[in-house]
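Undergrad: Contents are CSV, C-alpha atoms; file name work_32.csv:
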chain,number,residue,atom,x,y,z
A,17,MET,CA,-41.1,-2.6,35.5
A,18,ALA,CA,-38.1,-1.1,33.8
A,19,PRO,CA,-38.0,-1.3,29.9
A,20,LEU,CA,-35.4,-3.5,28.3
A,21,ARG,CA,-32.2,-2.0,27.0
A,22,PHE,CA,-30.9,-3.2,23.6
A,23,SER,CA,-27.4,-3.4,22.2
A,24,ALA,CA,-26.5,-3.7,18.6
A,25,ASN,CA,-24.1,-6.6,17.8
A,26,VAL,CA,-22.2,-4.9,15.0
A,27,SER,CA,-20.5,-8.1,14.0
A,28,TRP,CA,-24.0,-9.1,12.7
A,29,LEU,CA,-25.9,-5.9,12.1
A,30,PHE,CA,-25.2,-3.4,9.4
A,31,PRO,CA,-23.5,-5.8,7.0
A,32,GLU,CA,-24.2,-3.3,4.2
A,33,LEU,CA,-21.5,-1.1,5.8
A,34,SER,CA,-17.8,-1.9,5.5
A,35,GLY,CA,-15.8,-1.9,8.8
A,36,LEU,CA,-16.7,-1.8,12.4
A,37,PRO,CA,-16.3,2.0,12.9
A,38,ALA,CA,-19.0,2.7,10.3
A,39,ARG,CA,-21.3,0.0,11.9
A,40,LEU,CA,-20.8,1.5,15.3
A,41,ARG,CA,-21.7,5.0,14.1
A,42,ALA,CA,-24.8,3.5,12.3
A,43,ALA,CA,-25.8,1.8,15.5
A,44,GLY,CA,-25.7,5.1,17.4
A,45,SER,CA,-27.7,6.9,14.6
A,46,ALA,CA,-30.3,4.1,14.7
A,47,GLY,CA,-31.0,4.8,18.4
A,48,PHE,CA,-29.0,2.1,20.2
A,49,GLU,CA,-27.3,3.2,23.4
A,50,ALA,CA,-24.9,0.2,23.5
A,51,ALA,CA,-23.0,-2.1,21.1
A,52,GLU,CA,-21.3,-5.5,21.3
A,53,VAL,CA,-18.6,-6.9,19.0
A,54,ALA,CA,-17.7,-10.5,18.6
A,55,TRP,CA,-14.3,-10.1,17.0
A,56,PRO,CA,-12.9,-6.6,17.0
A,57,TYR,CA,-9.4,-7.2,15.8
A,58,ALA,CA,-9.9,-6.5,12.1
A,59,ASP,CA,-9.8,-2.7,12.9
A,60,PRO,CA,-7.3,-0.7,14.9
A,61,PRO,CA,-8.5,-0.4,18.5
A,62,GLU,CA,-8.0,3.4,18.4
A,63,ALA,CA,-10.4,3.7,15.5
A,64,LEU,CA,-13.0,1.6,17.2
A,65,ALA,CA,-12.7,3.6,20.4
A,66,CYS,CA,-13.1,6.8,18.5
A,67,ALA,CA,-16.2,5.5,16.7
A,68,VAL,CA,-17.7,4.4,20.0
A,69,ARG,CA,-17.2,7.9,21.5
A,70,GLU,CA,-18.6,9.6,18.4
A,71,ALA,CA,-21.6,7.4,18.4
A,72,GLY,CA,-22.3,7.9,22.1
A,73,LEU,CA,-22.3,4.2,22.7
A,74,GLN,CA,-21.1,1.9,25.5
A,75,VAL,CA,-19.6,-1.4,24.6
A,76,VAL,CA,-21.1,-4.1,26.7
A,77,LEU,CA,-19.7,-7.3,25.3
A,78,ILE,CA,-16.8,-8.7,23.3
A,79,ASN,CA,-15.5,-12.3,22.7
A,80,THR,CA,-11.9,-11.4,23.1
A,81,PRO,CA,-9.4,-9.7,25.4
A,82,PRO,CA,-10.6,-6.2,26.4
A,83,VAL,CA,-9.7,-3.4,24.0
A,84,LEU,CA,-12.9,-1.3,24.2
A,85,LEU,CA,-13.5,-1.3,28.0
A,86,PRO,CA,-16.5,-3.6,27.9
A,87,HIS,CA,-18.2,-4.7,31.0
A,88,ARG,CA,-18.5,-8.3,30.0
A,89,ILE,CA,-16.4,-10.8,28.1
A,90,HIS,CA,-17.7,-14.0,26.5
A,91,LEU,CA,-15.4,-16.9,27.6
A,92,MET,CA,-15.7,-19.4,24.9
A,93,ALA,CA,-15.5,-23.2,25.5
A,94,GLY,CA,-13.6,-25.6,23.3
A,95,ARG,CA,-14.8,-28.1,20.8
A,96,VAL,CA,-15.1,-31.8,21.1
A,97,PRO,CA,-12.2,-33.2,18.9
A,98,GLN,CA,-13.3,-34.6,15.5
A,99,GLY,CA,-13.9,-38.4,15.8
A,100,ALA,CA,-14.2,-38.4,19.6
A,101,GLU,CA,-17.3,-39.4,21.4
A,102,ARG,CA,-18.7,-36.4,23.4
A,103,ALA,CA,-19.5,-38.6,26.4
A,104,ALA,CA,-16.0,-40.1,26.4
A,105,VAL,CA,-14.2,-36.8,26.6
A,106,ARG,CA,-16.8,-34.8,28.6
A,107,ALA,CA,-15.2,-35.2,32.0
A,108,GLU,CA,-11.7,-34.3,30.9
A,109,MET,CA,-12.9,-31.3,28.9
A,110,GLU,CA,-14.9,-30.1,31.8
A,111,THR,CA,-11.9,-30.4,34.1
A,112,VAL,CA,-9.8,-28.2,31.8
A,113,PHE,CA,-12.6,-25.8,31.3
A,114,LEU,CA,-13.1,-25.3,35.1
A,115,GLU,CA,-9.3,-24.7,35.5
A,116,ASN,CA,-9.4,-22.1,32.8
A,117,LEU,CA,-12.5,-20.4,34.1
A,118,ARG,CA,-11.0,-20.1,37.6
A,119,HIS,CA,-7.9,-18.5,36.2
A,120,ALA,CA,-10.0,-16.2,33.9
A,121,ALA,CA,-12.2,-15.2,36.8
A,122,GLY,CA,-9.2,-14.0,38.8
A,123,VAL,CA,-7.8,-12.0,35.9
A,124,LEU,CA,-11.2,-10.4,35.2
A,125,ALA,CA,-11.8,-9.6,38.8
A,126,ARG,CA,-8.7,-7.5,38.9
A,127,GLU,CA,-10.2,-5.4,36.1
A,128,ASN,CA,-13.7,-5.4,37.6
A,129,LEU,CA,-15.0,-7.3,34.6
A,130,VAL,CA,-17.6,-10.1,34.3
A,131,GLY,CA,-17.0,-13.3,32.3
A,132,LEU,CA,-19.9,-15.0,30.5
A,133,LEU,CA,-20.5,-18.6,29.5
A,134,GLU,CA,-22.7,-19.0,26.4
A,135,PRO,CA,-24.2,-22.4,25.5
A,136,ILE,CA,-24.2,-22.7,21.7
A,137,ASN,CA,-26.5,-25.1,20.0
A,138,THR,CA,-24.9,-28.3,18.5
A,139,ARG,CA,-27.9,-29.1,16.2
A,140,LEU,CA,-27.4,-26.2,13.7
A,141,THR,CA,-24.5,-23.9,14.5
A,142,ASP,CA,-21.6,-25.9,15.8
A,143,PRO,CA,-21.9,-29.7,16.3
A,144,GLN,CA,-18.6,-30.0,18.1
A,145,TYR,CA,-19.1,-27.2,20.6
A,146,PHE,CA,-18.6,-28.4,24.2
A,147,LEU,CA,-21.0,-26.1,26.0
A,148,ASP,CA,-24.5,-26.6,24.5
A,149,SER,CA,-27.2,-26.2,27.1
A,150,PRO,CA,-28.1,-23.8,29.9
A,151,HIS,CA,-28.3,-26.7,32.3
A,152,GLN,CA,-24.7,-27.7,31.6
A,153,ALA,CA,-23.5,-24.1,31.8
A,154,ALA,CA,-25.3,-23.5,35.1
A,155,ALA,CA,-23.8,-26.6,36.6
A,156,ILE,CA,-20.3,-25.5,35.6
A,157,LEU,CA,-20.8,-22.0,37.0
A,158,GLN,CA,-21.9,-23.6,40.3
A,159,LYS,CA,-18.7,-25.7,40.3
A,160,VAL,CA,-16.5,-22.7,39.6
A,161,GLY,CA,-18.3,-20.6,42.3
A,162,ARG,CA,-17.0,-17.2,41.2
A,163,PRO,CA,-19.4,-14.3,41.5
A,164,ASN,CA,-18.0,-12.5,38.4
A,165,LEU,CA,-18.8,-15.4,36.1
A,166,GLN,CA,-22.4,-15.5,34.8
A,167,LEU,CA,-24.5,-17.1,32.1
A,168,GLN,CA,-25.1,-15.6,28.7
A,169,MET,CA,-28.6,-16.4,27.4
A,170,ASP,CA,-28.8,-16.5,23.6
A,171,ILE,CA,-32.5,-17.3,23.1
A,172,PHE,CA,-31.7,-18.6,19.6
A,173,HIS,CA,-29.5,-21.4,20.9
A,174,TRP,CA,-31.7,-22.1,23.9
A,175,GLN,CA,-34.8,-22.6,21.8
A,176,ILE,CA,-33.0,-25.0,19.4
A,177,MET,CA,-31.5,-27.1,22.1
A,178,ASP,CA,-34.1,-27.3,24.8
A,179,GLY,CA,-37.2,-25.1,24.1
A,180,ASN,CA,-39.1,-24.6,27.3
A,181,LEU,CA,-38.1,-20.9,27.2
A,182,THR,CA,-40.5,-19.7,29.8
A,183,GLY,CA,-39.4,-22.2,32.4
A,184,ASN,CA,-35.7,-21.9,31.5
A,185,ILE,CA,-35.7,-18.1,31.6
A,186,ARG,CA,-37.4,-18.1,35.0
A,187,GLU,CA,-35.0,-20.8,36.4
A,188,PHE,CA,-31.7,-19.4,35.1
A,189,LEU,CA,-32.3,-15.6,34.9
A,190,PRO,CA,-30.9,-15.0,38.4
A,191,ILE,CA,-27.4,-16.0,37.0
A,192,VAL,CA,-27.8,-14.4,33.5
A,193,GLY,CA,-25.5,-11.5,32.8
A,194,HIS,CA,-26.4,-10.9,29.2
A,195,VAL,CA,-29.2,-11.8,26.8
A,196,GLN,CA,-29.0,-12.2,23.0
A,197,VAL,CA,-31.9,-12.6,20.5
A,198,ALA,CA,-32.6,-13.9,17.0
A,199,GLN,CA,-35.5,-15.6,15.4
A,200,VAL,CA,-35.6,-19.4,15.0
A,201,PRO,CA,-34.8,-21.2,12.8
A,202,GLY,CA,-33.4,-18.7,10.3
A,203,ARG,CA,-31.5,-16.4,12.8
A,204,GLY,CA,-33.3,-13.4,11.4
A,205,ASP,CA,-34.5,-10.3,13.3
A,206,PRO,CA,-37.1,-10.7,16.1
A,207,GLY,CA,-39.8,-9.3,13.8
A,208,SER,CA,-39.3,-11.9,11.1
A,209,PRO,CA,-41.5,-15.1,10.8
A,210,GLY,CA,-40.4,-17.9,13.0
A,211,GLU,CA,-41.0,-20.0,16.1
A,212,LEU,CA,-40.5,-17.3,18.7
A,213,ASN,CA,-43.0,-14.7,20.0
A,214,PHE,CA,-40.7,-11.9,21.0
A,215,PRO,CA,-43.3,-9.5,22.4
A,216,TYR,CA,-44.1,-12.3,24.9
A,217,LEU,CA,-40.5,-13.0,25.6
A,218,PHE,CA,-39.6,-9.3,26.1
A,219,GLN,CA,-42.5,-8.9,28.5
A,220,LEU,CA,-41.4,-12.1,30.4
A,221,LEU,CA,-37.9,-10.6,30.8
A,222,GLU,CA,-39.4,-7.4,32.1
A,223,ASP,CA,-41.7,-9.2,34.5
A,224,GLU,CA,-38.8,-11.3,35.8
A,225,GLY,CA,-36.8,-8.1,36.5
A,226,TYR,CA,-34.0,-8.4,34.0
A,227,LYS,CA,-31.8,-5.3,34.1
A,228,GLY,CA,-29.0,-6.1,31.7
A,229,PHE,CA,-28.8,-5.5,27.9
A,230,VAL,CA,-30.5,-7.5,25.2
A,231,GLY,CA,-28.0,-8.0,22.4
A,232,CYS,CA,-29.3,-8.0,18.8
A,233,GLU,CA,-27.2,-10.9,17.3
A,234,TYR,CA,-29.1,-11.8,14.2
A,235,GLN,CA,-28.7,-11.8,10.4
A,236,PRO,CA,-30.6,-8.9,8.8
A,237,GLN,CA,-32.8,-10.0,5.9
A,238,GLY,CA,-32.3,-6.6,4.1
A,239,ASP,CA,-31.3,-3.1,5.2
A,240,THR,CA,-30.5,-3.2,8.9
A,241,VAL,CA,-32.3,0.1,9.8
A,242,GLU,CA,-35.4,-0.8,7.8
A,243,GLY,CA,-35.4,-4.1,9.6
A,244,LEU,CA,-35.5,-2.5,13.0
A,245,SER,CA,-39.2,-1.9,12.9
A,246,TRP,CA,-39.7,-4.5,15.7
A,247,LEU,CA,-37.4,-2.4,17.9
A,248,ARG,CA,-39.0,0.9,17.0
A,249,SER,CA,-42.4,-0.6,17.9
A,250,TYR,CA,-41.0,-1.7,21.3
A,251,TRP,CA,-39.6,1.8,21.9
A,252,ASP,CA,-42.9,3.4,20.9
A,253,ARG,CA,-44.7,1.2,23.4
A,254,GLN,CA,-42.3,2.4,26.1
A,255,GLY,CA,-42.7,6.1,25.1
A,256,ARG,CA,-39.0,6.4,24.2
A,257,PRO,CA,-38.1,9.2,21.7
A,258,GLN,CA,-36.6,7.8,18.6
A,259,ALA,CA,-33.4,8.8,16.9
A,260,GLY,CA,-33.7,12.2,15.2
A,261,GLN,CA,-36.8,13.1,17.3
As structure tokens, please, write out the structure in this file.

TA:
Amino acid sequence: MAPLRFSANVSWLFPELSGLPARLRAAGSAGFEAAEVAWPYADPPEALACAVREAGLQVVLINTPPVLLPHRIHLMAGRVPQGAERAAVRAEMETVFLENLRHAAGVLARENLVGLLEPINTRLTDPQYFLDSPHQAAAILQKVGRPNLQLQMDIFHWQIMDGNLTGNIREFLPIVGHVQVAQVPGRGDPGSPGELNFPYLFQLLEDEGYKGFVGCEYQPQGDTVEGLSWLRSYWDRQGRPQAGQ
């Protein structure tokens, strides 16, 4: 079994540092081999690209048009209009979403990129978000039928909406292109108190043969590097040399 590879979501991690270039460099210094960025447009793309090179990172995911040569792009769904009943607009919204996804898949294929669909929970994070469960996302992916569109599994959202993580991971992992982690319910780091047993979940991902990156998309409770003790413990168990060693 191959060990998991982790990427630092610098839109969430290192909030004690100002600007994405500084956060990218900090991610490299902390031992990450990859990074992901939700919204990279606050900084000039040239500065971000330079920071990525200096940190020795690869960018594996963004939520926007490609500026940092990522391998994957999160294609966000829309929101149910305020005042509308979800059931009443579901069919129309899905039709539009399918059309947009087919177009996006063609554009991404020309650049050899993968588009990802991420269900976001509607209980805590965004009550109006259209795509809120792995079952719904998997059904849409099947209807689109494009090999370069995959599922983004954010364990935080999946636990809140559906639980049954062992069963859902085993069922949907074959179409998962990226994983993200945070503790439930506070969205803290995987080592913080909460509902989820991350050593078990990491072992499950390994056992099921997951080869992609695991994105660290959580809210640090204090200093980011000090809060990475959970990741350093994982690396120690894998025999991986740590940063500076």

Undergrad: What is the distance, in Å and to one decimal place, between atom CA of Leu77 of chain A and atom CA of Phe113 of chain A?

TA: 20.7 Å

Undergrad: Which residue gives the smallest distance to His90 of chain A among A:Lys227, A:Arg248, A:His194, A:Arg69, with only C-alpha atoms counted?

TA: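 Result for the nearest residue to His90 of chain A: A:His194.
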
Undergrad: Between A:Pro236, A:Gly231, A:Gly122, A:Gly225, which has the minimum distance to Ala50 of chain A (counting only C-alpha atoms)?

TA: A:Gly231

Undergrad: Report as a ChimeraX atom specification all protein, DNA and RNA residues lying within 9 Å of Leu244 of chain A, evaluated on only C-alpha atoms, omitting residues in the same chain fewer than 3 positions from it.

TA: /A:46,205-207,239-241,247-249

Undergrad: Given the choices A:Leu20, A:Met177, A:Ala155, A:Met92, which gets closest to Pro143 of chain A if the distance is worked out from all atoms listed in the file?

TA: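 Checking each candidate against Pro143 of chain A, we get A:Met177 as the closest.
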
Undergrad: Just how far from atom CA of Leu165 of chain A is atom CA of Leu117 of chain A, in Å to one decimal?

TA: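 Atom CA of Leu165 of chain A lies 8.3 Å from atom CA of Leu117 of chain A.
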
Undergrad: Could you check which of A:Val112, A:Ala103, A:Ala43, A:Val53 is closest to Asn25 of chain A, using all atoms listed in the file?

TA: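 Among the listed residues, the smallest separation from Asn25 of chain A belongs to A:Val53.
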
Undergrad: Report the distance between atom CA of Glu224 of chain A and atom CA of Phe188 of chain A in Å, rounded to one decimal place.

TA: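 Going from atom CA of Glu224 of chain A over to atom CA of Phe188 of chain A, I get 10.8 Å.
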
Undergrad: Write out as a ChimeraX atom specification the residues lying within 12 Å of Ile78 of chain A, counting only C-alpha atoms and excluding same-chain residues fewer than 3 positions away.

TA: /A:23-27,51-57,74-75,81-92,129-132,194,231

Undergrad: Which one of A:Asp170, A:Gly44, A:Glu110, A:Glu127 sits closest to Leu157 of chain A if you count only C-alpha atoms?

TA: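 Using only C-alpha atoms, the shortest distance to Leu157 of chain A belongs to A:Glu110.
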